[in-house]
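Coordinates as given in start_17.pdb (PDB, C-alpha atoms, pLDDT in the B column):
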```pdb
MODEL        1
ATOM      1  CA  MET A   1       0.000   0.000   0.000  1.00 49.00           C
ATOM      2  CA  ASN A   2       1.320   3.445  -0.930  1.00 56.00           C
ATOM      3  CA  CYS A   3       0.203   6.573   0.887  1.00 56.00           C
ATOM      4  CA  GLN A   4       0.982  10.256   0.863  1.00 56.00           C
ATOM      5  CA  CYS A   5       1.494  11.959   4.221  1.00 57.00           C
ATOM      6  CA  HIS A   6       1.325  15.703   4.488  1.00 52.00           C
ATOM      7  CA  THR A   7      -0.612  16.256   7.736  1.00 48.00           C
ATOM      8  CA  PRO A   8       1.035  18.565  10.317  1.00 48.00           C
ATOM      9  CA  THR A   9       0.557  16.051  13.133  1.00 48.00           C
ATOM     10  CA  GLY A  10       3.290  13.885  11.608  1.00 52.00           C
ATOM     11  CA  SER A  11       5.968  15.608  13.670  1.00 65.00           C
ATOM     12  CA  CYS A  12       4.118  14.557  16.804  1.00 75.00           C
ATOM     13  CA  VAL A  13       5.161  10.929  16.391  1.00 73.00           C
ATOM     14  CA  ARG A  14       8.445  11.276  14.536  1.00 71.00           C
ATOM     15  CA  ASN A  15      10.602  11.244  17.699  1.00 67.00           C
ATOM     16  CA  VAL A  16       8.557   8.844  19.816  1.00 74.00           C
ATOM     17  CA  PRO A  17      10.637   5.733  20.686  1.00 71.00           C
ATOM     18  CA  ILE A  18       7.977   3.347  19.359  1.00 71.00           C
ATOM     19  CA  PHE A  19       8.155   4.895  15.907  1.00 76.00           C
ATOM     20  CA  LYS A  20      11.862   5.671  15.535  1.00 74.00           C
ATOM     21  CA  GLY A  21      13.542   3.957  12.626  1.00 73.00           C
ATOM     22  CA  LEU A  22      10.370   3.187  10.688  1.00 76.00           C
ATOM     23  CA  ASN A  23      10.497   3.377   6.919  1.00 79.00           C
ATOM     24  CA  ASP A  24       8.372   5.927   5.064  1.00 80.00           C
ATOM     25  CA  GLU A  25       5.507   3.515   4.405  1.00 82.00           C
ATOM     26  CA  GLU A  26       5.298   2.419   8.052  1.00 79.00           C
ATOM     27  CA  PHE A  27       5.505   5.988   9.310  1.00 81.00           C
ATOM     28  CA  CYS A  28       2.781   6.988   6.876  1.00 82.00           C
ATOM     29  CA  GLN A  29       0.459   4.328   8.307  1.00 81.00           C
ATOM     30  CA  ILE A  30       0.976   5.748  11.807  1.00 83.00           C
ATOM     31  CA  GLN A  31       0.592   9.347  10.703  1.00 84.00           C
ATOM     32  CA  GLN A  32      -2.763   8.704   9.041  1.00 85.00           C
ATOM     33  CA  ALA A  33      -4.143   7.295  12.322  1.00 87.00           C
ATOM     34  CA  VAL A  34      -3.058  10.267  14.452  1.00 88.00           C
ATOM     35  CA  ASN A  35      -5.387  12.948  15.819  1.00 89.00           C
ATOM     36  CA  SER A  36      -4.265  16.102  17.619  1.00 89.00           C
ATOM     37  CA  GLN A  37      -5.899  18.182  20.354  1.00 92.00           C
ATOM     38  CA  THR A  38      -4.857  21.195  22.425  1.00 94.00           C
ATOM     39  CA  TYR A  39      -5.512  21.206  26.185  1.00 95.00           C
ATOM     40  CA  GLN A  40      -5.348  24.221  28.490  1.00 95.00           C
ATOM     41  CA  LYS A  41      -3.480  24.220  31.795  1.00 93.00           C
ATOM     42  CA  GLY A  42      -5.402  22.356  34.508  1.00 92.00           C
ATOM     43  CA  LYS A  43      -7.493  20.267  32.110  1.00 95.00           C
ATOM     44  CA  PHE A  44      -7.614  16.494  32.414  1.00 95.00           C
ATOM     45  CA  ILE A  45      -6.832  14.361  29.379  1.00 94.00           C
ATOM     46  CA  PHE A  46      -8.400  11.488  31.278  1.00 91.00           C
ATOM     47  CA  GLN A  47      -9.251  10.616  34.875  1.00 90.00           C
ATOM     48  CA  GLU A  48      -8.879   7.486  36.931  1.00 88.00           C
ATOM     49  CA  GLY A  49     -11.633   4.966  36.244  1.00 87.00           C
ATOM     50  CA  GLU A  50     -12.428   6.177  32.724  1.00 87.00           C
ATOM     51  CA  GLN A  51     -12.220   3.695  29.879  1.00 84.00           C
ATOM     52  CA  SER A  52      -8.735   3.377  28.445  1.00 85.00           C
ATOM     53  CA  ASP A  53      -8.732   2.964  24.667  1.00 88.00           C
ATOM     54  CA  THR A  54      -6.144   5.391  23.297  1.00 90.00           C
ATOM     55  CA  LEU A  55      -2.387   5.900  23.023  1.00 88.00           C
ATOM     56  CA  TYR A  56      -1.419   9.513  23.805  1.00 91.00           C
ATOM     57  CA  ILE A  57       1.744  11.354  22.753  1.00 89.00           C
ATOM     58  CA  VAL A  58       2.823  14.717  24.167  1.00 90.00           C
ATOM     59  CA  HIS A  59       3.727  17.011  21.272  1.00 89.00           C
ATOM     60  CA  LYS A  60       4.080  20.304  23.191  1.00 88.00           C
ATOM     61  CA  GLY A  61       3.679  21.211  26.841  1.00 89.00           C
ATOM     62  CA  MET A  62       3.764  19.018  29.922  1.00 90.00           C
ATOM     63  CA  VAL A  63       1.444  16.454  31.512  1.00 93.00           C
ATOM     64  CA  LYS A  64       1.297  15.094  35.060  1.00 91.00           C
ATOM     65  CA  VAL A  65       0.157  11.520  35.728  1.00 91.00           C
ATOM     66  CA  SER A  66      -0.929  11.015  39.352  1.00 89.00           C
ATOM     67  CA  LYS A  67      -3.170   9.114  41.742  1.00 87.00           C
ATOM     68  CA  PHE A  68      -5.084  10.227  44.822  1.00 83.00           C
ATOM     69  CA  SER A  69      -5.369   8.262  48.036  1.00 80.00           C
ATOM     70  CA  ASP A  70      -8.667   7.809  49.863  1.00 80.00           C
ATOM     71  CA  ASP A  71      -7.801  10.778  52.077  1.00 83.00           C
ATOM     72  CA  GLY A  72      -7.120  12.998  49.050  1.00 79.00           C
ATOM     73  CA  LYS A  73      -3.309  12.902  49.107  1.00 80.00           C
ATOM     74  CA  GLU A  74      -1.782  13.085  45.635  1.00 81.00           C
ATOM     75  CA  GLN A  75       1.087  10.871  44.481  1.00 81.00           C
ATOM     76  CA  ILE A  76       2.725  11.894  41.213  1.00 85.00           C
ATOM     77  CA  ILE A  77       3.619   8.870  39.124  1.00 84.00           C
ATOM     78  CA  ARG A  78       5.235  10.486  36.116  1.00 85.00           C
ATOM     79  CA  LEU A  79       5.874  13.812  34.445  1.00 88.00           C
ATOM     80  CA  LEU A  80       5.503  13.695  30.670  1.00 89.00           C
ATOM     81  CA  PHE A  81       7.457  15.953  28.319  1.00 87.00           C
ATOM     82  CA  PRO A  82       7.301  16.404  24.526  1.00 85.00           C
ATOM     83  CA  GLY A  83       7.970  13.048  22.884  1.00 82.00           C
ATOM     84  CA  ASP A  84       6.714  11.019  25.865  1.00 85.00           C
ATOM     85  CA  PHE A  85       3.765   8.688  25.406  1.00 84.00           C
ATOM     86  CA  PHE A  86       1.208   7.178  27.792  1.00 85.00           C
ATOM     87  CA  GLY A  87      -1.913   5.018  27.752  1.00 81.00           C
ATOM     88  CA  GLN A  88       0.029   2.331  25.893  1.00 75.00           C
ATOM     89  CA  TYR A  89      -1.500  -0.631  27.700  1.00 70.00           C
ATOM     90  CA  ALA A  90      -4.950   0.307  26.428  1.00 67.00           C
ATOM     91  CA  LEU A  91      -3.876  -0.807  22.977  1.00 68.00           C
ATOM     92  CA  LEU A  92      -3.638  -4.449  23.999  1.00 67.00           C
ATOM     93  CA  GLU A  93      -6.569  -4.989  26.355  1.00 71.00           C
ATOM     94  CA  ASN A  94      -9.717  -3.356  27.682  1.00 71.00           C
ATOM     95  CA  LYS A  95      -8.907  -1.559  30.904  1.00 77.00           C
ATOM     96  CA  GLN A  96      -9.780   1.537  32.875  1.00 82.00           C
ATOM     97  CA  HIS A  97      -7.246   4.256  33.531  1.00 84.00           C
ATOM     98  CA  HIS A  98      -5.415   3.671  36.813  1.00 84.00           C
ATOM     99  CA  ALA A  99      -4.504   7.360  37.259  1.00 88.00           C
ATOM    100  CA  HIS A 100      -5.266  10.927  36.221  1.00 91.00           C
ATOM    101  CA  ALA A 101      -3.483  12.761  33.395  1.00 93.00           C
ATOM    102  CA  GLU A 102      -3.543  16.522  34.020  1.00 94.00           C
ATOM    103  CA  VAL A 103      -2.045  19.243  31.822  1.00 94.00           C
ATOM    104  CA  LEU A 104       0.515  21.392  33.668  1.00 90.00           C
ATOM    105  CA  GLU A 105       0.891  23.947  30.885  1.00 87.00           C
ATOM    106  CA  GLN A 106      -0.926  24.364  27.597  1.00 90.00           C
ATOM    107  CA  ALA A 107      -0.268  21.171  25.701  1.00 91.00           C
ATOM    108  CA  SER A 108      -0.707  19.734  22.254  1.00 91.00           C
ATOM    109  CA  VAL A 109      -1.396  16.016  22.561  1.00 92.00           C
ATOM    110  CA  CYS A 110      -1.656  13.504  19.733  1.00 90.00           C
ATOM    111  CA  SER A 111      -3.680  10.328  20.049  1.00 90.00           C
ATOM    112  CA  ILE A 112      -4.166   7.022  18.262  1.00 89.00           C
ATOM    113  CA  HIS A 113      -7.248   4.914  18.964  1.00 89.00           C
ATOM    114  CA  LYS A 114      -6.522   1.288  19.793  1.00 87.00           C
ATOM    115  CA  ASP A 115      -8.604  -0.069  16.898  1.00 88.00           C
ATOM    116  CA  ASP A 116      -6.506   1.897  14.411  1.00 89.00           C
ATOM    117  CA  PHE A 117      -3.247   0.934  16.089  1.00 84.00           C
ATOM    118  CA  ARG A 118      -4.142  -2.750  16.225  1.00 85.00           C
ATOM    119  CA  GLN A 119      -4.731  -2.753  12.485  1.00 86.00           C
ATOM    120  CA  ILE A 120      -1.292  -1.215  12.006  1.00 84.00           C
ATOM    121  CA  LEU A 121       0.330  -3.845  14.240  1.00 82.00           C
ATOM    122  CA  GLU A 122      -1.352  -6.608  12.262  1.00 85.00           C
ATOM    123  CA  ARG A 123      -0.074  -5.184   8.974  1.00 82.00           C
ATOM    124  CA  SER A 124       3.455  -4.396  10.144  1.00 81.00           C
ATOM    125  CA  PRO A 125       5.493  -6.940  12.174  1.00 82.00           C
ATOM    126  CA  ASN A 126       8.286  -4.353  12.370  1.00 80.00           C
ATOM    127  CA  ILE A 127       6.083  -1.855  14.216  1.00 80.00           C
ATOM    128  CA  ALA A 128       4.730  -4.620  16.471  1.00 81.00           C
ATOM    129  CA  MET A 129       8.278  -5.670  17.428  1.00 83.00           C
ATOM    130  CA  LYS A 130       9.317  -2.086  18.170  1.00 78.00           C
ATOM    131  CA  TYR A 131       6.201  -1.644  20.269  1.00 78.00           C
ATOM    132  CA  MET A 132       7.014  -4.715  22.379  1.00 80.00           C
ATOM    133  CA  MET A 133      10.637  -3.610  22.818  1.00 80.00           C
ATOM    134  CA  VAL A 134       9.644  -0.133  23.998  1.00 76.00           C
ATOM    135  CA  LEU A 135       7.074  -1.553  26.423  1.00 74.00           C
ATOM    136  CA  SER A 136       9.787  -3.821  27.825  1.00 74.00           C
ATOM    137  CA  GLU A 137      12.098  -0.832  28.290  1.00 74.00           C
ATOM    138  CA  ARG A 138       9.304   1.145  29.951  1.00 69.00           C
ATOM    139  CA  LEU A 139       8.618  -1.688  32.412  1.00 70.00           C
ATOM    140  CA  GLN A 140      12.316  -1.958  33.229  1.00 68.00           C
ATOM    141  CA  ALA A 141      12.554   1.784  33.846  1.00 65.00           C
ATOM    142  CA  ALA A 142       9.477   1.628  36.096  1.00 62.00           C
ATOM    143  CA  ASP A 143      11.000  -1.229  38.100  1.00 61.00           C
ATOM    144  CA  GLU A 144      14.241   0.723  38.497  1.00 61.00           C
ATOM    145  CA  TRP A 145      12.403   3.822  39.710  1.00 57.00           C
ATOM    146  CA  ILE A 146      10.335   1.796  42.195  1.00 59.00           C
ATOM    147  CA  GLY A 147      13.594   0.355  43.484  1.00 57.00           C
ATOM    148  CA  ALA A 148      15.053   3.858  43.731  1.00 54.00           C
ATOM    149  CA  ILE A 149      12.068   5.128  45.718  1.00 54.00           C
ATOM    150  CA  SER A 150      12.185   2.232  48.168  1.00 52.00           C
ATOM    151  CA  LEU A 151      15.949   1.737  48.561  1.00 48.00           C
ATOM    152  CA  MET A 152      17.842   4.894  47.603  1.00 61.00           C
ATOM    153  CA  GLU A 153      18.598   7.766  49.916  1.00 82.00           C
ATOM    154  CA  VAL A 154      16.769  10.999  49.163  1.00 86.00           C
ATOM    155  CA  GLU A 155      19.970  12.543  47.759  1.00 88.00           C
ATOM    156  CA  ARG A 156      20.229   9.828  45.111  1.00 87.00           C
ATOM    157  CA  ARG A 157      16.575  10.112  44.146  1.00 87.00           C
ATOM    158  CA  LEU A 158      16.891  13.898  43.935  1.00 92.00           C
ATOM    159  CA  ALA A 159      20.028  13.695  41.802  1.00 92.00           C
ATOM    160  CA  LYS A 160      18.384  11.186  39.442  1.00 88.00           C
ATOM    161  CA  ALA A 161      15.333  13.424  39.067  1.00 89.00           C
ATOM    162  CA  LEU A 162      17.406  16.542  38.356  1.00 93.00           C
ATOM    163  CA  LEU A 163      19.413  14.641  35.746  1.00 91.00           C
ATOM    164  CA  SER A 164      16.163  13.431  34.211  1.00 87.00           C
ATOM    165  CA  PHE A 165      14.907  17.025  33.895  1.00 87.00           C
ATOM    166  CA  TYR A 166      18.255  17.966  32.348  1.00 90.00           C
ATOM    167  CA  GLU A 167      17.905  15.202  29.759  1.00 86.00           C
ATOM    168  CA  LYS A 168      14.375  16.336  28.905  1.00 81.00           C
ATOM    169  CA  GLU A 169      15.053  20.074  28.849  1.00 77.00           C
ATOM    170  CA  LYS A 170      18.505  19.789  27.200  1.00 80.00           C
ATOM    171  CA  LYS A 171      19.780  22.745  29.209  1.00 84.00           C
ATOM    172  CA  LEU A 172      21.637  23.284  32.472  1.00 91.00           C
ATOM    173  CA  ASN A 173      19.506  26.193  33.654  1.00 91.00           C
ATOM    174  CA  PHE A 174      15.802  25.452  34.059  1.00 89.00           C
ATOM    175  CA  GLU A 175      12.812  25.806  36.358  1.00 88.00           C
ATOM    176  CA  LEU A 176      11.297  22.843  38.145  1.00 88.00           C
ATOM    177  CA  PRO A 177       8.303  21.802  36.021  1.00 82.00           C
ATOM    178  CA  VAL A 178       6.131  21.427  39.125  1.00 84.00           C
ATOM    179  CA  SER A 179       5.882  22.986  42.560  1.00 86.00           C
ATOM    180  CA  LYS A 180       8.359  21.849  45.204  1.00 88.00           C
ATOM    181  CA  LYS A 181       5.484  20.099  46.942  1.00 87.00           C
ATOM    182  CA  ASP A 182       4.741  18.100  43.795  1.00 85.00           C
ATOM    183  CA  PHE A 183       8.432  17.505  43.159  1.00 89.00           C
ATOM    184  CA  ALA A 184       8.793  16.124  46.687  1.00 90.00           C
ATOM    185  CA  SER A 185       5.850  13.808  45.999  1.00 84.00           C
ATOM    186  CA  LEU A 186       7.490  12.645  42.775  1.00 85.00           C
ATOM    187  CA  ILE A 187      10.692  11.525  44.515  1.00 86.00           C
ATOM    188  CA  GLY A 188       8.939  10.179  47.592  1.00 82.00           C
ATOM    189  CA  THR A 189       9.923  12.686  50.286  1.00 87.00           C
ATOM    190  CA  THR A 190       8.554  15.718  52.128  1.00 89.00           C
ATOM    191  CA  PRO A 191       8.823  19.330  50.919  1.00 91.00           C
ATOM    192  CA  GLU A 192      10.927  20.157  53.986  1.00 93.00           C
ATOM    193  CA  THR A 193      13.419  17.371  53.278  1.00 93.00           C
ATOM    194  CA  LEU A 194      13.542  18.324  49.612  1.00 93.00           C
ATOM    195  CA  SER A 195      14.419  21.913  50.490  1.00 93.00           C
ATOM    196  CA  ARG A 196      17.214  20.771  52.813  1.00 93.00           C
ATOM    197  CA  LYS A 197      18.676  18.442  50.182  1.00 94.00           C
ATOM    198  CA  LEU A 198      18.568  21.140  47.500  1.00 95.00           C
ATOM    199  CA  VAL A 199      20.449  23.497  49.798  1.00 94.00           C
ATOM    200  CA  SER A 200      22.959  20.721  50.509  1.00 94.00           C
ATOM    201  CA  LEU A 201      23.592  20.177  46.781  1.00 94.00           C
ATOM    202  CA  SER A 202      23.969  23.936  46.395  1.00 95.00           C
ATOM    203  CA  GLU A 203      26.551  24.087  49.194  1.00 94.00           C
ATOM    204  CA  LEU A 204      28.490  21.329  47.457  1.00 93.00           C
ATOM    205  CA  LYS A 205      28.558  23.547  44.325  1.00 95.00           C
ATOM    206  CA  LEU A 206      26.705  20.898  42.322  1.00 95.00           C
ATOM    207  CA  ILE A 207      23.733  23.168  41.628  1.00 95.00           C
ATOM    208  CA  LYS A 208      22.649  26.764  42.103  1.00 94.00           C
ATOM    209  CA  LEU A 209      19.185  27.695  43.320  1.00 94.00           C
ATOM    210  CA  ASN A 210      17.554  30.604  41.491  1.00 92.00           C
ATOM    211  CA  GLY A 211      14.413  31.846  43.204  1.00 88.00           C
ATOM    212  CA  ARG A 212      11.564  29.521  44.132  1.00 87.00           C
ATOM    213  CA  LYS A 213      11.862  26.996  41.295  1.00 88.00           C
ATOM    214  CA  GLY A 214      14.943  27.913  39.277  1.00 92.00           C
ATOM    215  CA  ILE A 215      17.873  25.491  39.249  1.00 94.00           C
ATOM    216  CA  GLU A 216      21.202  25.630  37.442  1.00 95.00           C
ATOM    217  CA  LEU A 217      23.265  22.460  37.237  1.00 95.00           C
ATOM    218  CA  PHE A 218      26.977  23.100  37.780  1.00 94.00           C
ATOM    219  CA  ASP A 219      28.442  19.604  37.977  1.00 94.00           C
ATOM    220  CA  ILE A 220      26.719  16.900  35.908  1.00 94.00           C
ATOM    221  CA  GLU A 221      29.365  14.293  36.696  1.00 94.00           C
ATOM    222  CA  GLY A 222      29.069  15.034  40.405  1.00 94.00           C
ATOM    223  CA  LEU A 223      25.294  14.577  40.252  1.00 94.00           C
ATOM    224  CA  LYS A 224      25.761  11.320  38.335  1.00 92.00           C
ATOM    225  CA  GLU A 225      28.087  10.082  41.069  1.00 92.00           C
ATOM    226  CA  ILE A 226      25.491  10.837  43.745  1.00 90.00           C
ATOM    227  CA  ALA A 227      22.774   9.215  41.625  1.00 85.00           C
ATOM    228  CA  GLY A 228      24.865   6.086  41.180  1.00 81.00           C
ATOM    229  CA  LEU A 229      25.138   6.609  37.431  1.00 78.00           C
ATOM    230  CA  ALA A 230      28.830   7.456  37.171  1.00 66.00           C
TER
ENDMDL
END
```
Rewrite the structure from the file as structure tokens, please.
Amino acid sequence: MNCQCHTPTGSCVRNVPIFKGLNDEEFCQIQQAVNSQTYQKGKFIFQEGEQSDTLYIVHKGMVKVSKFSDDGKEQIIRLLFPGDFFGQYALLENKQHHAHAEVLEQASVCSIHKDDFRQILERSPNIAMKYMMVLSERLQAADEWIGAISLMEVERRLAKALLSFYEKEKKLNFELPVSKKDFASLIGTTPETLSRKLVSLSELKLIKLNGRKGIELFDIEGLKEIAGLA
């Protein structure tokens, strides 16, 4: 099958790990199944308990995936940046969303319905194999982060998170994408402990704190050593 792809949403999936390395015909199949929507800050893409039937890809902006306990306490599971995808398990089985996906800043989000994606997987073994490989990598990364939360000291978790933001933002000077309260929740600590550890890293000349949320990374290798990545 030959197809012509000229839709602007194509760039939304070009750098997603699942679709990297596809040939033009395979990419065209994906592009034709993609829809795009803009969400304003504070809007939910989906909420816990809603039917899960779509793969989502962040094109622009930022999305927070979180759960709430029975007493209303929020636990952030992931922060999603441009190029990140979520809702992937909906493509293989009928499930409800296990968390909320909330937009932190105006975001452009692309989506592929599971019926469309399943047809693509059936037609293209190459895409199906890439999909399975990326899911395997995602599960491994999730296991590693769970291990970090339960076993690592706060300093190591903090260093890993800062390095992760650096990798996403591609710059040494950035603002935390969430409040310090939310950031503390993300790495499994309290806001008070987070503030102390940030000051400690600053005193070690590994980072510089700029205002309430600004951070400049001075020593990447030093942070990697603390994070256990050196």
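Excluding A:Ile215 itself and any same-chain residue fewer than 3 positions from it, the protein and nucleic acid residues within 8 Å of it, counting only C-alpha atoms, are A:Asn173, A:Phe174, A:Glu175, A:Leu176, A:Ile207, A:Lys208, A:Leu209, A:Asn210.
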Check which residues satisfy the PyMOL selection byres ((chain A and resi 87) around 9) in the file shown, then give them as a ChimeraX atom specification.
/A:52-57,85-86,88-91,97
Between A:Leu22, A:Val154, A:Leu162, A:Val63, which has the minimum distance to A:Pro191 (counting all atoms listed in the file)?
A:Val154
Excluding A:Ser69 and its own-chain neighbours fewer than 5 positions away, which residues fall within 12 Å of it when counting all atoms listed in the file? Please give them as a VMD selection string.
chain A and resid 48 74 to 76 99
Quick one: of A:Glu122, A:Glu93, A:Glu216, A:Glu221, who's nearest to A:Glu26, counting only C-alpha atoms?
A:Glu122
I'd like to know which of A:Ser36, A:Ser179, A:Gln29, A:Ser195 is closest to A:Ile120, using all atoms listed in the file.
A:Gln29
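Minimum atom-to-atom distances from A:Pro17, A:Gly222, A:Pro82, A:Gly228 to A:Ser202 were compared using only C-alpha atoms, and the lowest value belongs to A:Gly222.
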For the file shown, report as a PyMOL selection string the outcome of the PyMOL selection byres ((chain A and resi 37) around 9) at residue level.
chain A and resi 35-36+38-39+107-111
Which residues fall under the PyMOL selection byres ((chain A and resi 181) around 10) in this file, as a ChimeraX atom specification?
/A:178-180,182-186,189-192,194-195
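Of the listed residues A:Arg123, A:Ile18, A:Gly61, A:Arg196, the one whose atoms come nearest to A:Glu137 is A:Ile18, with distances taken using all atoms listed in the file.
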Students should find that atom CA of A:Val134 and atom CA of A:Glu167 are spaced 18.3 Å
Once 3 Å is added on each side, what centre and edge lengths in Å to one decimal does the axis-aligned box around all listed atoms of stretch 99-102 of chain A have, as AutoDock Vina command-line options?
```
--center_x -4.4 --center_y 11.9 --center_z 35.3 --size_x 7.8 --size_y 15.2 --size_z 9.9
```
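The point (-1.3, 15.9, 28.8) has these residues within 7 Å of it, counting all atoms listed in the file: Ile45, Val58, Met62, Val63, Lys64, Ala101, Glu102, Val103, Ala107 and Val109 of chain A.
Taking atom CA of A:Gly42 and atom CA of A:Leu104 as endpoints, the distance between them is 6.1 Å.
The coordinates place atom CA of A:Leu121 at 13.7 Å from atom CA of A:Gln31.
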Taking the partial coordinates given, rebuild stretch 154-175 of chain A to contain N, CA and C atoms; return it as a short mmCIF file (atom, residue, chain, number, x, y, z; two decimals), keeping the file's coordinate frame.
```
data_model
loop_
_atom_site.label_atom_id
_atom_site.label_comp_id
_atom_site.auth_asym_id
_atom_site.auth_seq_id
_atom_site.Cartn_x
_atom_site.Cartn_y
_atom_site.Cartn_z
N VAL A 154 17.44 9.88 49.82
CA VAL A 154 16.77 11.00 49.16
C VAL A 154 17.72 11.72 48.20
N GLU A 155 19.01 11.86 48.62
CA GLU A 155 19.97 12.54 47.76
C GLU A 155 20.08 11.88 46.40
N ARG A 156 20.10 10.55 46.37
CA ARG A 156 20.23 9.83 45.11
C ARG A 156 18.98 9.99 44.26
N ARG A 157 17.82 9.93 44.90
CA ARG A 157 16.58 10.11 44.15
C ARG A 157 16.50 11.52 43.57
N LEU A 158 16.91 12.51 44.38
CA LEU A 158 16.89 13.90 43.94
C LEU A 158 17.85 14.10 42.76
N ALA A 159 19.04 13.55 42.87
CA ALA A 159 20.03 13.70 41.80
C ALA A 159 19.53 13.04 40.51
N LYS A 160 18.92 11.87 40.63
CA LYS A 160 18.38 11.19 39.44
C LYS A 160 17.28 12.02 38.79
N ALA A 161 16.43 12.62 39.61
CA ALA A 161 15.33 13.42 39.07
C ALA A 161 15.87 14.68 38.37
N LEU A 162 16.84 15.35 38.97
CA LEU A 162 17.41 16.54 38.36
C LEU A 162 18.08 16.20 37.03
N LEU A 163 18.78 15.07 36.99
CA LEU A 163 19.41 14.64 35.75
C LEU A 163 18.37 14.29 34.69
N SER A 164 17.24 13.75 35.14
CA SER A 164 16.16 13.43 34.21
C SER A 164 15.60 14.70 33.60
N PHE A 165 15.39 15.75 34.42
CA PHE A 165 14.91 17.02 33.90
C PHE A 165 15.92 17.61 32.91
N TYR A 166 17.20 17.48 33.24
CA TYR A 166 18.26 17.97 32.35
C TYR A 166 18.19 17.27 30.99
N GLU A 167 17.99 15.96 31.00
CA GLU A 167 17.90 15.20 29.76
C GLU A 167 16.69 15.63 28.94
N LYS A 168 15.58 15.93 29.62
CA LYS A 168 14.38 16.34 28.90
C LYS A 168 14.48 17.76 28.38
N GLU A 169 15.01 18.66 29.22
CA GLU A 169 15.05 20.07 28.85
C GLU A 169 16.24 20.39 27.94
N LYS A 170 17.29 19.57 28.00
CA LYS A 170 18.50 19.79 27.20
C LYS A 170 19.18 21.12 27.53
N LYS A 171 19.08 21.54 28.79
CA LYS A 171 19.78 22.74 29.21
C LYS A 171 20.10 22.66 30.70
N LEU A 172 21.16 23.35 31.09
CA LEU A 172 21.64 23.28 32.47
C LEU A 172 20.85 24.19 33.40
N ASN A 173 20.25 25.23 32.85
CA ASN A 173 19.51 26.19 33.65
C ASN A 173 18.02 26.06 33.34
N PHE A 174 17.22 25.66 34.30
CA PHE A 174 15.80 25.45 34.06
C PHE A 174 15.01 25.69 35.34
N GLU A 175 13.70 25.74 35.19
CA GLU A 175 12.81 25.81 36.36
C GLU A 175 12.19 24.44 36.58
#
```
